[in-house]
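Below is one structure, written out as structure tokens; the observations come after it.
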Amino acid sequence: MENLLDHISSEIYQKSYVIIDDFIDEEFRGELLAEQIELVRQGKFRHAAVGKGGQKQVRTEIRSDEVHWMDSDDLSPLQKTYWEKVEEIRKVLNQRCFLGLRSFEGHFARYPVGSFYKRHLDQFHAVPHRVVTVILYLNESWSSDDEGALRMYFPQEDGTELIEDVLPIGGRLVVFLSGEIPHEVLPTKKERISITGWLKDID
Ligand code: OGA
Ligand code: MN
């Protein structure tokens, strides 16, 4: 974990994003996925909203995933284990990148077949407290034919953009600066499961 944390913090510092394969082992991934499937069975998922506060609304033409927010006061043992890993990332980013990160919020996300999330930034203009996005994919298997990539856009000095497509392969962790990297989820051909969270500069 020590080398990994060094790697995460230096990549965030230099490139504003990092992708870590096999961040969690197969056993833990399978357990988290099973928990997510059980929450779906219990009807705990809701259409995801866009916007913040009074502007919050379900707009399925912008995003068509379903989410279940984790309750920091009522985490399952598995969720707690994951939060502890994120806590290590939070600390090292504060030490090495001086980001002043104070808390984490996160939800399970389920993208049914055909769903997507159009290009966006994870920061709200009015409330810019989401500083670092942390996404962990839980999918059992994934191939490029399944599509549903996370597409990240990197603005270049000449005004063009570089594009990187990241497949939601189980165990893969993606970390990036929420306010700097526009991204989208391309339409998926297979149900797509993840935990998406944000490290924030407020409690
Ligand atoms: C989000 C998001 C990307 C992904 O939930 O804000 O951009 O790959 N998710 O799931
Ligand atoms: Mn996003």
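Ordering of the structure tokens sets the chain letters (A, B, ...); residue numbers start at 1 within each chain; ligands are numbered from 1 in the order shown.
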Which neighbours of stretch 48-61 of chain A fall inside 12 Å, counting only C-alpha atoms, when residues of the same chain fewer than 5 positions from it are skipped, and could you give them as a PyMOL selection string?
chain A and resi 66-69+107-111+114-130+187
Hey, which bits of chain A sit within 6 Å of ligand 1, and for each residue what's the closest pair of atoms and how far apart in Å (one decimal), counting only C-alpha atoms and all ligand atoms, rows by chain and increasing number, as CSV?
residue,atom,partner,partner_atom_place_in_ligand_line,distance
A:Asp122,CA,ligand 1,6 (O),5.7
A:Leu150,CA,ligand 1,8 (O),4.5
A:Glu184,CA,ligand 1,7 (O),5.7
A:Val185,CA,ligand 1,8 (O),5.6
A:Thr196,CA,ligand 1,5 (O),5.7
Between A:Ile193, A:Leu101, A:Leu75, A:Val132, which one has atoms that come closest to ligand 2, using only C-alpha atoms and all ligand atoms?
A:Val132
In terms of the shortest atom-to-atom distance over only C-alpha atoms, which of A:Glu31, A:Glu38, A:Glu105, A:Glu26 is closest to A:Asp71?
A:Glu105
Could you please write out, as an NGL selection string, every residue of stretch 38-192 of chain A that DSSP assigns to strand (DSSP E or B)?
:A and (46-47 or 50 or 57 or 63 or 66-69 or 103-111 or 117-120 or 130-137 or 147 or 150-155 or 161-166 or 173-177 or 183-185 or 188 or 192)
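Of the residues under consideration (A:Arg63, A:His7, A:Lys200, A:Arg102), A:Arg63 shows the shortest atom-to-atom contact distance to ligand 2 when counting only C-alpha atoms and all ligand atoms.
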Using only C-alpha atoms and all ligand atoms, the best pick from A:Ile62, A:Ile37, A:Val18, A:Val86 as closest to ligand 2 would be A:Ile62
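With distances restricted to only C-alpha atoms, A:Glu180 is the closest residue to A:Pro155 from A:Asp25, A:Asp6, A:Glu180, A:Glu140.
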Taking only stretch 47-112 of chain A into account, list the residues labelled alpha helix (DSSP H) by DSSP (computed from the backbone), as a PDB file with all heavy atoms, in the first residue's frame.
ATOM      1  N   PRO A  77     -19.787  -3.761   7.076  1.00  0.00           N
ATOM      2  CA  PRO A  77     -18.356  -4.076   7.271  1.00  0.00           C
ATOM      3  C   PRO A  77     -17.553  -3.951   5.973  1.00  0.00           C
ATOM      4  O   PRO A  77     -16.426  -3.435   5.979  1.00  0.00           O
ATOM      5  CB  PRO A  77     -18.388  -5.519   7.773  1.00  0.00           C
ATOM      6  CG  PRO A  77     -19.724  -5.661   8.441  1.00  0.00           C
ATOM      7  CD  PRO A  77     -20.672  -4.808   7.642  1.00  0.00           C
ATOM      8  N   LEU A  78     -18.119  -4.378   4.851  1.00  0.00           N
ATOM      9  CA  LEU A  78     -17.396  -4.279   3.568  1.00  0.00           C
ATOM     10  C   LEU A  78     -17.191  -2.822   3.171  1.00  0.00           C
ATOM     11  O   LEU A  78     -16.117  -2.418   2.717  1.00  0.00           O
ATOM     12  CB  LEU A  78     -18.188  -4.982   2.460  1.00  0.00           C
ATOM     13  CG  LEU A  78     -18.316  -6.490   2.524  1.00  0.00           C
ATOM     14  CD1 LEU A  78     -19.280  -6.978   1.452  1.00  0.00           C
ATOM     15  CD2 LEU A  78     -16.948  -7.150   2.346  1.00  0.00           C
ATOM     16  N   GLN A  79     -18.253  -2.028   3.322  1.00  0.00           N
ATOM     17  CA  GLN A  79     -18.146  -0.608   2.974  1.00  0.00           C
ATOM     18  C   GLN A  79     -17.091   0.068   3.851  1.00  0.00           C
ATOM     19  O   GLN A  79     -16.307   0.887   3.378  1.00  0.00           O
ATOM     20  CB  GLN A  79     -19.499   0.079   3.161  1.00  0.00           C
ATOM     21  CG  GLN A  79     -20.549  -0.388   2.153  1.00  0.00           C
ATOM     22  CD  GLN A  79     -21.951   0.079   2.500  1.00  0.00           C
ATOM     23  OE1 GLN A  79     -22.147   1.000   3.295  1.00  0.00           O
ATOM     24  NE2 GLN A  79     -22.949  -0.555   1.912  1.00  0.00           N
ATOM     25  N   LYS A  80     -17.059  -0.323   5.145  1.00  0.00           N
ATOM     26  CA  LYS A  80     -16.085   0.254   6.063  1.00  0.00           C
ATOM     27  C   LYS A  80     -14.658  -0.067   5.595  1.00  0.00           C
ATOM     28  O   LYS A  80     -13.774   0.794   5.616  1.00  0.00           O
ATOM     29  CB  LYS A  80     -16.337  -0.313   7.466  1.00  0.00           C
ATOM     30  CG  LYS A  80     -15.725   0.513   8.554  1.00  0.00           C
ATOM     31  CD  LYS A  80     -16.272   0.112   9.915  1.00  0.00           C
ATOM     32  CE  LYS A  80     -16.966   1.283  10.589  1.00  0.00           C
ATOM     33  NZ  LYS A  80     -17.858   0.897  11.647  1.00  0.00           N
ATOM     34  N   THR A  81     -14.452  -1.298   5.171  1.00  0.00           N
ATOM     35  CA  THR A  81     -13.124  -1.690   4.688  1.00  0.00           C
ATOM     36  C   THR A  81     -12.716  -0.826   3.498  1.00  0.00           C
ATOM     37  O   THR A  81     -11.582  -0.358   3.409  1.00  0.00           O
ATOM     38  CB  THR A  81     -13.134  -3.178   4.279  1.00  0.00           C
ATOM     39  OG1 THR A  81     -13.487  -3.954   5.415  1.00  0.00           O
ATOM     40  CG2 THR A  81     -11.780  -3.628   3.758  1.00  0.00           C
ATOM     41  N   TYR A  82     -13.652  -0.588   2.593  1.00  0.00           N
ATOM     42  CA  TYR A  82     -13.333   0.255   1.440  1.00  0.00           C
ATOM     43  C   TYR A  82     -13.067   1.699   1.873  1.00  0.00           C
ATOM     44  O   TYR A  82     -12.101   2.316   1.413  1.00  0.00           O
ATOM     45  CB  TYR A  82     -14.449   0.196   0.397  1.00  0.00           C
ATOM     46  CG  TYR A  82     -14.162   1.068  -0.802  1.00  0.00           C
ATOM     47  CD1 TYR A  82     -12.980   0.905  -1.535  1.00  0.00           C
ATOM     48  CD2 TYR A  82     -15.028   2.080  -1.177  1.00  0.00           C
ATOM     49  CE1 TYR A  82     -12.687   1.727  -2.610  1.00  0.00           C
ATOM     50  CE2 TYR A  82     -14.738   2.900  -2.260  1.00  0.00           C
ATOM     51  CZ  TYR A  82     -13.572   2.723  -2.970  1.00  0.00           C
ATOM     52  OH  TYR A  82     -13.276   3.541  -4.029  1.00  0.00           O
ATOM     53  N   TRP A  83     -13.900   2.224   2.777  1.00  0.00           N
ATOM     54  CA  TRP A  83     -13.708   3.608   3.242  1.00  0.00           C
ATOM     55  C   TRP A  83     -12.343   3.771   3.896  1.00  0.00           C
ATOM     56  O   TRP A  83     -11.707   4.823   3.775  1.00  0.00           O
ATOM     57  CB  TRP A  83     -14.828   4.033   4.221  1.00  0.00           C
ATOM     58  CG  TRP A  83     -16.095   4.440   3.514  1.00  0.00           C
ATOM     59  CD1 TRP A  83     -16.760   3.700   2.574  1.00  0.00           C
ATOM     60  CD2 TRP A  83     -16.842   5.657   3.661  1.00  0.00           C
ATOM     61  NE1 TRP A  83     -17.870   4.392   2.140  1.00  0.00           N
ATOM     62  CE2 TRP A  83     -17.958   5.576   2.785  1.00  0.00           C
ATOM     63  CE3 TRP A  83     -16.677   6.789   4.456  1.00  0.00           C
ATOM     64  CZ2 TRP A  83     -18.899   6.601   2.681  1.00  0.00           C
ATOM     65  CZ3 TRP A  83     -17.626   7.812   4.365  1.00  0.00           C
ATOM     66  CH2 TRP A  83     -18.721   7.717   3.485  1.00  0.00           C
ATOM     67  N   GLU A  84     -11.870   2.726   4.604  1.00  0.00           N
ATOM     68  CA  GLU A  84     -10.554   2.808   5.240  1.00  0.00           C
ATOM     69  C   GLU A  84      -9.447   2.914   4.187  1.00  0.00           C
ATOM     70  O   GLU A  84      -8.464   3.627   4.368  1.00  0.00           O
ATOM     71  CB  GLU A  84     -10.327   1.600   6.161  1.00  0.00           C
ATOM     72  CG  GLU A  84     -11.010   1.797   7.505  1.00  0.00           C
ATOM     73  CD  GLU A  84     -11.228   0.502   8.281  1.00  0.00           C
ATOM     74  OE1 GLU A  84     -10.670  -0.543   7.892  1.00  0.00           O
ATOM     75  OE2 GLU A  84     -11.971   0.565   9.288  1.00  0.00           O
ATOM     76  N   LYS A  85      -9.631   2.224   3.071  1.00  0.00           N
ATOM     77  CA  LYS A  85      -8.649   2.332   1.979  1.00  0.00           C
ATOM     78  C   LYS A  85      -8.666   3.746   1.385  1.00  0.00           C
ATOM     79  O   LYS A  85      -7.614   4.332   1.083  1.00  0.00           O
ATOM     80  CB  LYS A  85      -8.951   1.315   0.879  1.00  0.00           C
ATOM     81  CG  LYS A  85      -8.656  -0.126   1.277  1.00  0.00           C
ATOM     82  CD  LYS A  85      -9.045  -1.073   0.152  1.00  0.00           C
ATOM     83  CE  LYS A  85      -8.862  -2.532   0.529  1.00  0.00           C
ATOM     84  NZ  LYS A  85      -7.444  -2.909   0.624  1.00  0.00           N
ATOM     85  N   VAL A  86      -9.873   4.289   1.214  1.00  0.00           N
ATOM     86  CA  VAL A  86      -9.985   5.648   0.669  1.00  0.00           C
ATOM     87  C   VAL A  86      -9.388   6.658   1.649  1.00  0.00           C
ATOM     88  O   VAL A  86      -8.767   7.648   1.245  1.00  0.00           O
ATOM     89  CB  VAL A  86     -11.460   5.993   0.346  1.00  0.00           C
ATOM     90  CG1 VAL A  86     -11.588   7.449  -0.095  1.00  0.00           C
ATOM     91  CG2 VAL A  86     -12.008   5.064  -0.736  1.00  0.00           C
ATOM     92  N   GLU A  87      -9.553   6.369   2.936  1.00  0.00           N
ATOM     93  CA  GLU A  87      -9.005   7.250   3.969  1.00  0.00           C
ATOM     94  C   GLU A  87      -7.471   7.356   3.840  1.00  0.00           C
ATOM     95  O   GLU A  87      -6.898   8.426   4.010  1.00  0.00           O
ATOM     96  CB  GLU A  87      -9.435   6.712   5.343  1.00  0.00           C
ATOM     97  CG  GLU A  87      -8.942   7.488   6.551  1.00  0.00           C
ATOM     98  CD  GLU A  87      -9.465   8.922   6.618  1.00  0.00           C
ATOM     99  OE1 GLU A  87     -10.376   9.287   5.857  1.00  0.00           O
ATOM    100  OE2 GLU A  87      -8.909   9.685   7.438  1.00  0.00           O
ATOM    101  N   GLU A  88      -6.836   6.241   3.491  1.00  0.00           N
ATOM    102  CA  GLU A  88      -5.380   6.264   3.286  1.00  0.00           C
ATOM    103  C   GLU A  88      -5.024   7.155   2.098  1.00  0.00           C
ATOM    104  O   GLU A  88      -4.030   7.880   2.123  1.00  0.00           O
ATOM    105  CB  GLU A  88      -4.869   4.853   3.012  1.00  0.00           C
ATOM    106  CG  GLU A  88      -5.264   3.867   4.080  1.00  0.00           C
ATOM    107  CD  GLU A  88      -4.067   3.132   4.638  1.00  0.00           C
ATOM    108  OE1 GLU A  88      -2.990   3.229   4.048  1.00  0.00           O
ATOM    109  OE2 GLU A  88      -4.239   2.482   5.679  1.00  0.00           O
ATOM    110  N   ILE A  89      -5.855   7.085   1.060  1.00  0.00           N
ATOM    111  CA  ILE A  89      -5.619   7.932  -0.117  1.00  0.00           C
ATOM    112  C   ILE A  89      -5.820   9.400   0.269  1.00  0.00           C
ATOM    113  O   ILE A  89      -5.032  10.274  -0.102  1.00  0.00           O
ATOM    114  CB  ILE A  89      -6.564   7.527  -1.279  1.00  0.00           C
ATOM    115  CG1 ILE A  89      -6.235   6.106  -1.749  1.00  0.00           C
ATOM    116  CG2 ILE A  89      -6.469   8.530  -2.428  1.00  0.00           C
ATOM    117  CD1 ILE A  89      -7.176   5.548  -2.814  1.00  0.00           C
ATOM    118  N   ARG A  90      -6.879   9.658   1.045  1.00  0.00           N
ATOM    119  CA  ARG A  90      -7.154  11.043   1.474  1.00  0.00           C
ATOM    120  C   ARG A  90      -5.933  11.618   2.216  1.00  0.00           C
ATOM    121  O   ARG A  90      -5.464  12.712   1.913  1.00  0.00           O
ATOM    122  CB  ARG A  90      -8.376  11.067   2.415  1.00  0.00           C
ATOM    123  CG  ARG A  90      -8.809  12.470   2.818  1.00  0.00           C
ATOM    124  CD  ARG A  90      -9.934  12.466   3.852  1.00  0.00           C
ATOM    125  NE  ARG A  90      -9.486  12.052   5.178  1.00  0.00           N
ATOM    126  CZ  ARG A  90      -8.867  12.850   6.057  1.00  0.00           C
ATOM    127  NH1 ARG A  90      -8.665  14.126   5.763  1.00  0.00           N
ATOM    128  NH2 ARG A  90      -8.462  12.392   7.222  1.00  0.00           N
ATOM    129  N   LYS A  91      -5.387  10.815   3.140  1.00  0.00           N
ATOM    130  CA  LYS A  91      -4.267  11.315   3.947  1.00  0.00           C
ATOM    131  C   LYS A  91      -3.036  11.600   3.094  1.00  0.00           C
ATOM    132  O   LYS A  91      -2.391  12.637   3.238  1.00  0.00           O
ATOM    133  CB  LYS A  91      -3.910  10.303   5.033  1.00  0.00           C
ATOM    134  CG  LYS A  91      -4.892  10.324   6.182  1.00  0.00           C
ATOM    135  CD  LYS A  91      -4.352   9.474   7.326  1.00  0.00           C
ATOM    136  CE  LYS A  91      -5.430   9.197   8.359  1.00  0.00           C
ATOM    137  NZ  LYS A  91      -5.320   7.835   8.901  1.00  0.00           N
ATOM    138  N   VAL A  92      -2.726  10.678   2.181  1.00  0.00           N
ATOM    139  CA  VAL A  92      -1.498  10.875   1.391  1.00  0.00           C
ATOM    140  C   VAL A  92      -1.671  12.055   0.420  1.00  0.00           C
ATOM    141  O   VAL A  92      -0.723  12.801   0.163  1.00  0.00           O
ATOM    142  CB  VAL A  92      -1.060   9.576   0.670  1.00  0.00           C
ATOM    143  CG1 VAL A  92      -1.860   9.308  -0.578  1.00  0.00           C
ATOM    144  CG2 VAL A  92       0.426   9.611   0.340  1.00  0.00           C
ATOM    145  N   LEU A  93      -2.875  12.250  -0.093  1.00  0.00           N
ATOM    146  CA  LEU A  93      -3.100  13.401  -0.990  1.00  0.00           C
ATOM    147  C   LEU A  93      -2.963  14.711  -0.212  1.00  0.00           C
ATOM    148  O   LEU A  93      -2.468  15.711  -0.747  1.00  0.00           O
ATOM    149  CB  LEU A  93      -4.468  13.305  -1.670  1.00  0.00           C
ATOM    150  CG  LEU A  93      -4.599  12.212  -2.737  1.00  0.00           C
ATOM    151  CD1 LEU A  93      -6.011  12.204  -3.328  1.00  0.00           C
ATOM    152  CD2 LEU A  93      -3.564  12.382  -3.858  1.00  0.00           C
ATOM    153  N   ASN A  94      -3.377  14.697   1.045  1.00  0.00           N
ATOM    154  CA  ASN A  94      -3.203  15.905   1.858  1.00  0.00           C
ATOM    155  C   ASN A  94      -1.732  16.159   2.151  1.00  0.00           C
ATOM    156  O   ASN A  94      -1.255  17.289   2.057  1.00  0.00           O
ATOM    157  CB  ASN A  94      -3.988  15.779   3.169  1.00  0.00           C
ATOM    158  CG  ASN A  94      -5.463  16.077   2.979  1.00  0.00           C
ATOM    159  OD1 ASN A  94      -5.871  16.606   1.937  1.00  0.00           O
ATOM    160  ND2 ASN A  94      -6.269  15.744   3.965  1.00  0.00           N
ATOM    161  N   GLN A  95      -1.005  15.067   2.466  1.00  0.00           N
ATOM    162  CA  GLN A  95       0.412  15.233   2.807  1.00  0.00           C
ATOM    163  C   GLN A  95       1.231  15.687   1.613  1.00  0.00           C
ATOM    164  O   GLN A  95       2.080  16.561   1.721  1.00  0.00           O
ATOM    165  CB  GLN A  95       0.989  13.902   3.310  1.00  0.00           C
ATOM    166  CG  GLN A  95       0.599  13.592   4.743  1.00  0.00           C
ATOM    167  CD  GLN A  95       0.759  12.103   5.068  1.00  0.00           C
ATOM    168  OE1 GLN A  95       1.307  11.346   4.250  1.00  0.00           O
ATOM    169  NE2 GLN A  95       0.292  11.702   6.226  1.00  0.00           N
ATOM    170  N   ARG A  96       0.990  15.071   0.453  1.00  0.00           N
ATOM    171  CA  ARG A  96       1.859  15.302  -0.713  1.00  0.00           C
ATOM    172  C   ARG A  96       1.332  16.366  -1.655  1.00  0.00           C
ATOM    173  O   ARG A  96       2.105  16.999  -2.371  1.00  0.00           O
ATOM    174  CB  ARG A  96       2.041  14.006  -1.498  1.00  0.00           C
ATOM    175  CG  ARG A  96       2.468  12.824  -0.673  1.00  0.00           C
ATOM    176  CD  ARG A  96       3.980  12.813  -0.468  1.00  0.00           C
ATOM    177  NE  ARG A  96       4.350  11.829   0.536  1.00  0.00           N
ATOM    178  CZ  ARG A  96       4.347  10.523   0.352  1.00  0.00           C
ATOM    179  NH1 ARG A  96       4.011  10.028  -0.822  1.00  0.00           N
ATOM    180  NH2 ARG A  96       4.678   9.712   1.311  1.00  0.00           N
ATOM    181  N   CYS A  97       0.028  16.531  -1.725  1.00  0.00           N
ATOM    182  CA  CYS A  97      -0.535  17.465  -2.706  1.00  0.00           C
ATOM    183  C   CYS A  97      -1.249  18.639  -2.039  1.00  0.00           C
ATOM    184  O   CYS A  97      -1.773  19.507  -2.739  1.00  0.00           O
ATOM    185  CB  CYS A  97      -1.509  16.750  -3.650  1.00  0.00           C
ATOM    186  SG  CYS A  97      -0.821  15.298  -4.468  1.00  0.00           S
TER     187      CYS A  97
END
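Atom CA of A:Glu164 sits 25.9 Å away from atom CA of A:Phe104.
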Of the candidates A:Gln156, A:Asp146, A:Arg192, A:Leu138, which shows the shortest atom-to-atom distance to A:Asp22, using only C-alpha atoms?
A:Leu138
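Atom CA of A:Ala34 sits 18.1 Å away from atom CA of A:Asp74.
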Long-range neighbours of A:Glu161 as a ChimeraX atom specification, 12 Å cut-off, only C-alpha atoms, 5 positions minimum in chain:
/A:151-156,181-183
Let me see the file: selected residues, all heavy atoms, as an mmCIF file, in the first residue's frame.
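Heads up, here's the output in out.cif:
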data_model
loop_
_atom_site.group_PDB
_atom_site.id
_atom_site.type_symbol
_atom_site.label_atom_id
_atom_site.label_comp_id
_atom_site.auth_asym_id
_atom_site.auth_seq_id
_atom_site.Cartn_x
_atom_site.Cartn_y
_atom_site.Cartn_z
ATOM 1 N N ARG A 151 -15.026 7.897 -20.480
ATOM 2 C CA ARG A 151 -14.230 8.680 -21.439
ATOM 3 C C ARG A 151 -13.780 9.960 -20.757
ATOM 4 O O ARG A 151 -14.599 10.760 -20.309
ATOM 5 C CB ARG A 151 -15.056 9.003 -22.685
ATOM 6 C CG ARG A 151 -14.322 9.905 -23.665
ATOM 7 C CD ARG A 151 -14.984 9.929 -25.018
ATOM 8 N NE ARG A 151 -14.696 8.685 -25.748
ATOM 9 C CZ ARG A 151 -15.166 8.427 -26.974
ATOM 10 N NH1 ARG A 151 -15.946 9.303 -27.595
ATOM 11 N NH2 ARG A 151 -14.840 7.296 -27.574
ATOM 12 N N MET A 152 -12.453 10.126 -20.668
ATOM 13 C CA MET A 152 -11.893 11.312 -20.018
ATOM 14 C C MET A 152 -11.322 12.232 -21.087
ATOM 15 O O MET A 152 -10.719 11.773 -22.061
ATOM 16 C CB MET A 152 -10.789 10.897 -19.045
ATOM 17 C CG MET A 152 -11.249 9.855 -18.035
ATOM 18 S SD MET A 152 -9.875 9.232 -17.025
ATOM 19 C CE MET A 152 -9.947 10.410 -15.701
ATOM 20 N N TYR A 153 -11.489 13.533 -20.873
ATOM 21 C CA TYR A 153 -11.016 14.546 -21.828
ATOM 22 C C TYR A 153 -9.900 15.361 -21.189
ATOM 23 O O TYR A 153 -10.055 15.852 -20.065
ATOM 24 C CB TYR A 153 -12.152 15.496 -22.210
ATOM 25 C CG TYR A 153 -13.305 14.827 -22.922
ATOM 26 C CD1 TYR A 153 -14.381 14.315 -22.207
ATOM 27 C CD2 TYR A 153 -13.310 14.710 -24.309
ATOM 28 C CE1 TYR A 153 -15.437 13.700 -22.857
ATOM 29 C CE2 TYR A 153 -14.367 14.098 -24.963
ATOM 30 C CZ TYR A 153 -15.433 13.600 -24.230
ATOM 31 O OH TYR A 153 -16.481 12.994 -24.862
ATOM 32 N N PHE A 154 -8.810 15.500 -21.932
ATOM 33 C CA PHE A 154 -7.675 16.260 -21.426
ATOM 34 C C PHE A 154 -7.404 17.452 -22.343
ATOM 35 O O PHE A 154 -6.851 17.288 -23.433
ATOM 36 C CB PHE A 154 -6.443 15.361 -21.334
ATOM 37 C CG PHE A 154 -6.664 14.192 -20.417
ATOM 38 C CD1 PHE A 154 -7.082 12.964 -20.927
ATOM 39 C CD2 PHE A 154 -6.485 14.322 -19.052
ATOM 40 C CE1 PHE A 154 -7.303 11.889 -20.076
ATOM 41 C CE2 PHE A 154 -6.714 13.244 -18.201
ATOM 42 C CZ PHE A 154 -7.118 12.035 -18.712
ATOM 43 N N PRO A 155 -7.794 18.641 -21.900
ATOM 44 C CA PRO A 155 -7.587 19.839 -22.711
ATOM 45 C C PRO A 155 -6.089 20.083 -22.932
ATOM 46 O O PRO A 155 -5.298 19.973 -21.997
ATOM 47 C CB PRO A 155 -8.191 20.959 -21.846
ATOM 48 C CG PRO A 155 -8.964 20.286 -20.756
ATOM 49 C CD PRO A 155 -8.389 18.920 -20.585
ATOM 50 N N GLN A 156 -5.699 20.378 -24.175
ATOM 51 C CA GLN A 156 -4.301 20.641 -24.511
ATOM 52 C C GLN A 156 -4.075 22.139 -24.685
ATOM 53 O O GLN A 156 -5.024 22.889 -24.896
ATOM 54 C CB GLN A 156 -3.934 19.912 -25.817
ATOM 55 C CG GLN A 156 -4.195 18.423 -25.780
ATOM 56 C CD GLN A 156 -3.348 17.736 -24.729
ATOM 57 O OE1 GLN A 156 -2.135 17.695 -24.819
ATOM 58 N NE2 GLN A 156 -4.013 17.210 -23.703
ATOM 59 N N ILE A 181 -11.126 17.480 -14.862
ATOM 60 C CA ILE A 181 -11.190 16.530 -15.977
ATOM 61 C C ILE A 181 -12.640 16.259 -16.376
ATOM 62 O O ILE A 181 -13.367 15.531 -15.693
ATOM 63 C CB ILE A 181 -10.449 15.219 -15.622
ATOM 64 C CG1 ILE A 181 -8.985 15.546 -15.312
ATOM 65 C CG2 ILE A 181 -10.572 14.211 -16.758
ATOM 66 C CD1 ILE A 181 -8.108 14.372 -15.016
ATOM 67 N N PRO A 182 -13.067 16.858 -17.506
ATOM 68 C CA PRO A 182 -14.410 16.543 -18.010
ATOM 69 C C PRO A 182 -14.428 15.070 -18.417
ATOM 70 O O PRO A 182 -13.421 14.530 -18.872
ATOM 71 C CB PRO A 182 -14.551 17.426 -19.254
ATOM 72 C CG PRO A 182 -13.442 18.414 -19.193
ATOM 73 C CD PRO A 182 -12.345 17.786 -18.399
ATOM 74 N N HIS A 183 -15.568 14.425 -18.190
ATOM 75 C CA HIS A 183 -15.653 12.993 -18.489
ATOM 76 C C HIS A 183 -17.094 12.606 -18.742
ATOM 77 O O HIS A 183 -18.015 13.378 -18.435
ATOM 78 C CB HIS A 183 -15.066 12.180 -17.332
ATOM 79 C CG HIS A 183 -15.707 12.462 -16.009
ATOM 80 N ND1 HIS A 183 -15.396 13.578 -15.263
ATOM 81 C CD2 HIS A 183 -16.670 11.824 -15.314
ATOM 82 C CE1 HIS A 183 -16.126 13.592 -14.171
ATOM 83 N NE2 HIS A 183 -16.929 12.535 -14.178
#
Here atom CA of A:Tyr13 and atom CA of A:Thr160 stand apart by 22.2 Å
